[in-house]
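One structure is given below, encoded as structure tokens.
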Amino acid sequence: MKSTNKTQKTSSYRWLILGTFIFIALISQLLWLTFAPISSEMVKLYSITSFDVSLLSLVWPLIFVIFAIPVGVYIDKNGVQKSVIIGALFLAFFGMLRILSTSFNYNFLILFIAQCGAAISQPFIFGSITKLATTWFPKNEQGLATGLATIGLFLGMMVALVLTPQLYLLFDLHGLLTSYALIAGVGALLFIIFSKEGPQHKDITDSGSFTLSDLWRLSKYRRFLILEFGFFAVVGGFTAILTWLEEILHNLHNLTIDQAGLVGGVLIIGGIIGSILIPALSDKTKKIKPFVLLNLLLGTIMLFLLGLISSYMLLLIISFITGFFLMSALPLVLELSGKITGPGLEGRASSLLWFFSQVGSVVLIILIEPLEEMFNSYLYALILIGSLWIISLILFIRIDDSPMEKMTTE
């Protein structure tokens, strides 16, 4: 009885833990996408190229790929509290270091080093989502906890895309970076004060980390290979678009930085709403595949319209629809990956998919500017990404959600 009461007392704290974690997740995305909505202004201030600006976002998925496996092992051994505190401290310290770049005649090297340091936080934060849900929440709430934590990432993207241009126009770059450093410091302090390690449940067999052998074993299965390609193409492509969004919209439609920021914000708002409604419909109908196919189809159509239509009001509507359908596919595919792999490999399956999404982000972010220089338009970059999404859609038609045979955690 004593043990039960203790578990209940500890688990009643779960919502505060989740809330502080969501704030840290939001901050990580805020620092990641700080410069994407004002890339044209960064070119002028630092006397650099557009590709140099993209590097400030590119280092985040690149560093994630490098650190994902060792950080995953660390999270499993040391738990959520220590791992997220490390991530929060990286955000706070290097968030402050970014300010120095404006104090030394806009020194890009200092800014780039600071972005690299802040990017180390991401695997500690992303990798803790599954672990937080399984250690703090009962099974019937773990999906909700994972969804809310993921929405925290979306909220961070939205805030970055909408708030950054406004703060830049109001305070200049120094004031913008100072504001974000203060937010990162507050977030780290709150998590340090309120966090503690969650209760460990004996029935949990899932693991939040993965190994190279898991990578090989899972990737041998055709259905999971299709999911890996989907995350590479769709999530990676979506990240690349967000990174270059301000440049794309200015080049194709002559939008200002605040207009482009609002388009990006509406895109994320649509994704947040879709990520709540579409999975709920999927749960109610007990079907996943039809919704994912619909999401990919409509999201791809909207992406092409985003590149072709110049009306600002129509772009806002198109961006909302794009986010609503495209981003809502993410939790559905993560759920499907667990069904395919079966019990015991859900965590490693989701970690692998995130891994491939970051690889896709690196590759596609790098490809966008060469395509623009080759064709003198960002439209062809959208065509490339949209074509990859069409391939994902065609491949996904062949997927079913029956568990893989002979897949075990041994």
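Residues are referred to by chain and number: the chain letter is A, B, ... according to the order shown in the structure tokens, the number counts from 1 in that chain, and ligands are numbered separately from 1 in the order shown.
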
Problem - Close residues, Thr102 of chain A itself excluded, 9 Å, only C-alpha atoms, min 6 positions apart in chain, as a list in words - result: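 Surrounding residues, per the criterion: Phe108, Leu111, Leu173, His174 and Leu177 of chain A.
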
Problem - Expected answer as an NGL selection string: helix (DSSP H, G or I) residues in segment 81-330 of chain A - result: :A and (81-103 or 108-119 or 121-126 or 128-136 or 139-194 or 212-219 or 222-253 or 257-285 or 289-308 or 312-326 or 329-330)

Handout entry: Within 9 Å of Gly185 of chain A using only C-alpha atoms, minus same-chain residues under 2 positions, as number ranges by chain
Key = A: 88-89, 91-93, 95-96, 180-183, 187-190

Given the selection you just returned, output its residues as a file containing C-alpha atoms, formatted as a PDB file, in the first residue's frame.
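Just written: out_34.pdb:
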ATOM      1  CA  ALA A  88      18.443  23.306 -21.218  1.00  0.00           C
ATOM      2  CA  LEU A  89      21.862  24.476 -20.020  1.00  0.00           C
ATOM      3  CA  LEU A  91      20.403  26.370 -24.765  1.00  0.00           C
ATOM      4  CA  ALA A  92      20.871  28.974 -22.033  1.00  0.00           C
ATOM      5  CA  PHE A  93      24.659  29.261 -22.256  1.00  0.00           C
ATOM      6  CA  GLY A  95      21.890  31.455 -26.333  1.00  0.00           C
ATOM      7  CA  MET A  96      23.805  34.113 -24.388  1.00  0.00           C
ATOM      8  CA  TYR A 180      15.750  34.822 -26.679  1.00  0.00           C
ATOM      9  CA  ALA A 181      18.719  34.353 -24.326  1.00  0.00           C
ATOM     10  CA  LEU A 182      16.585  35.544 -21.406  1.00  0.00           C
ATOM     11  CA  ILE A 183      13.800  33.140 -22.384  1.00  0.00           C
ATOM     12  CA  GLY A 187      13.368  27.935 -19.159  1.00  0.00           C
ATOM     13  CA  ALA A 188      16.523  26.268 -17.832  1.00  0.00           C
ATOM     14  CA  LEU A 189      15.939  27.707 -14.352  1.00  0.00           C
ATOM     15  CA  LEU A 190      12.317  26.531 -14.238  1.00  0.00           C
TER      16      LEU A 190
END

Practice task
Would you mind telling me which residue in A:Ser195, A:Asn295, A:Ser337, A:Thr34 lies nearest to Trp15 of chain A when using only C-alpha atoms?
Solution key: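 Nearest to Trp15 of chain A: A:Ser195.
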
Exercise for the section: Go through A:Ile391, A:Phe64, A:Thr178, A:Ile257 one by one, measure the shortest atom-to-atom distance of each to Leu97 of chain A using only C-alpha atoms, and give the residue with the smallest value. Expected result: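 Ranked by minimum distance to Leu97 of chain A, first place goes to A:Thr178.
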
If you count only C-alpha atoms, which residues fall within 9 Å of Ser377 of chain A, apart from same-chain ones fewer than 4 positions away, as a PDB file with C-alpha atoms, in the first residue's frame?
ATOM      1  CA  ILE A 248      11.565  31.345 -50.882  1.00  0.00           C
ATOM      2  CA  ASN A 251      12.071  35.318 -54.178  1.00  0.00           C
ATOM      3  CA  LEU A 252       8.844  33.874 -55.578  1.00  0.00           C
ATOM      4  CA  LEU A 371      19.030  24.598 -57.225  1.00  0.00           C
ATOM      5  CA  GLU A 372      18.147  28.285 -56.880  1.00  0.00           C
ATOM      6  CA  GLU A 373      21.494  29.327 -58.385  1.00  0.00           C
ATOM      7  CA  ALA A 381      13.554  23.316 -54.949  1.00  0.00           C
TER       8      ALA A 381
END

Neighbours of Ile226 of chain A within 8 Å (only C-alpha atoms; same-chain residues fewer than 6 positions away dropped), as a short mmCIF file (atom, residue, chain, number, x, y, z; two decimals) with C-alpha atoms, in the first residue's frame?
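Once everything was written out, this is selection-v6.cif:
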data_model
loop_
_atom_site.label_atom_id
_atom_site.label_comp_id
_atom_site.auth_asym_id
_atom_site.auth_seq_id
_atom_site.Cartn_x
_atom_site.Cartn_y
_atom_site.Cartn_z
CA SER A 392 6.55 8.67 -50.48
CA LEU A 395 5.34 3.80 -51.64
CA PHE A 396 3.01 4.22 -48.68
#

Problem - Among the residues A:Leu45, A:Phe229, A:Lys284, A:Trp32, the one that comes closest to Phe104 of chain A [using only C-alpha atoms] - result: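 Closest candidate: A:Leu45.
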
Please build the interface table for segment 254-357 of chain A against segment 142-165 of chain A with a cut-off of 6 Å, listing for each qualifying residue the nearest atom pair and the distance in Å to one decimal; count only C-alpha atoms, order rows by chain and increasing number, and write it as JSON lines.
{"residue": "A:Asp258", "atom": "CA", "partner": "A:Pro165", "partner_atom": "CA", "distance": 5.3}
{"residue": "A:Gly261", "atom": "CA", "partner": "A:Leu161", "partner_atom": "CA", "distance": 4.7}
{"residue": "A:Leu262", "atom": "CA", "partner": "A:Val162", "partner_atom": "CA", "distance": 5.3}
{"residue": "A:Gly264", "atom": "CA", "partner": "A:Leu161", "partner_atom": "CA", "distance": 5.7}
{"residue": "A:Gly265", "atom": "CA", "partner": "A:Met158", "partner_atom": "CA", "distance": 4.6}
{"residue": "A:Ile268", "atom": "CA", "partner": "A:Met158", "partner_atom": "CA", "distance": 5.3}

Restrict the selected residues to N, CA and C atoms and save them as a PDB file, in the first residue's frame.
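Below is the file again.pdb, written as the result:
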ATOM      1  N   ASP A 258       8.148  40.220 -42.344  1.00  0.00           N
ATOM      2  CA  ASP A 258       7.049  40.014 -41.404  1.00  0.00           C
ATOM      3  C   ASP A 258       5.896  39.257 -42.065  1.00  0.00           C
ATOM      4  N   GLY A 261       7.024  35.674 -42.188  1.00  0.00           N
ATOM      5  CA  GLY A 261       6.943  35.111 -40.847  1.00  0.00           C
ATOM      6  C   GLY A 261       5.524  34.711 -40.484  1.00  0.00           C
ATOM      7  N   LEU A 262       4.554  35.518 -40.902  1.00  0.00           N
ATOM      8  CA  LEU A 262       3.156  35.196 -40.618  1.00  0.00           C
ATOM      9  C   LEU A 262       2.702  33.975 -41.411  1.00  0.00           C
ATOM     10  N   GLY A 264       4.606  31.525 -42.298  1.00  0.00           N
ATOM     11  CA  GLY A 264       5.193  30.397 -41.586  1.00  0.00           C
ATOM     12  C   GLY A 264       4.448  30.071 -40.305  1.00  0.00           C
ATOM     13  N   GLY A 265       4.046  31.109 -39.583  1.00  0.00           N
ATOM     14  CA  GLY A 265       3.297  30.898 -38.348  1.00  0.00           C
ATOM     15  C   GLY A 265       1.957  30.231 -38.589  1.00  0.00           C
ATOM     16  N   ILE A 268       2.372  26.533 -39.154  1.00  0.00           N
ATOM     17  CA  ILE A 268       2.533  25.762 -37.923  1.00  0.00           C
ATOM     18  C   ILE A 268       1.211  25.664 -37.168  1.00  0.00           C
TER      19      ILE A 268
END
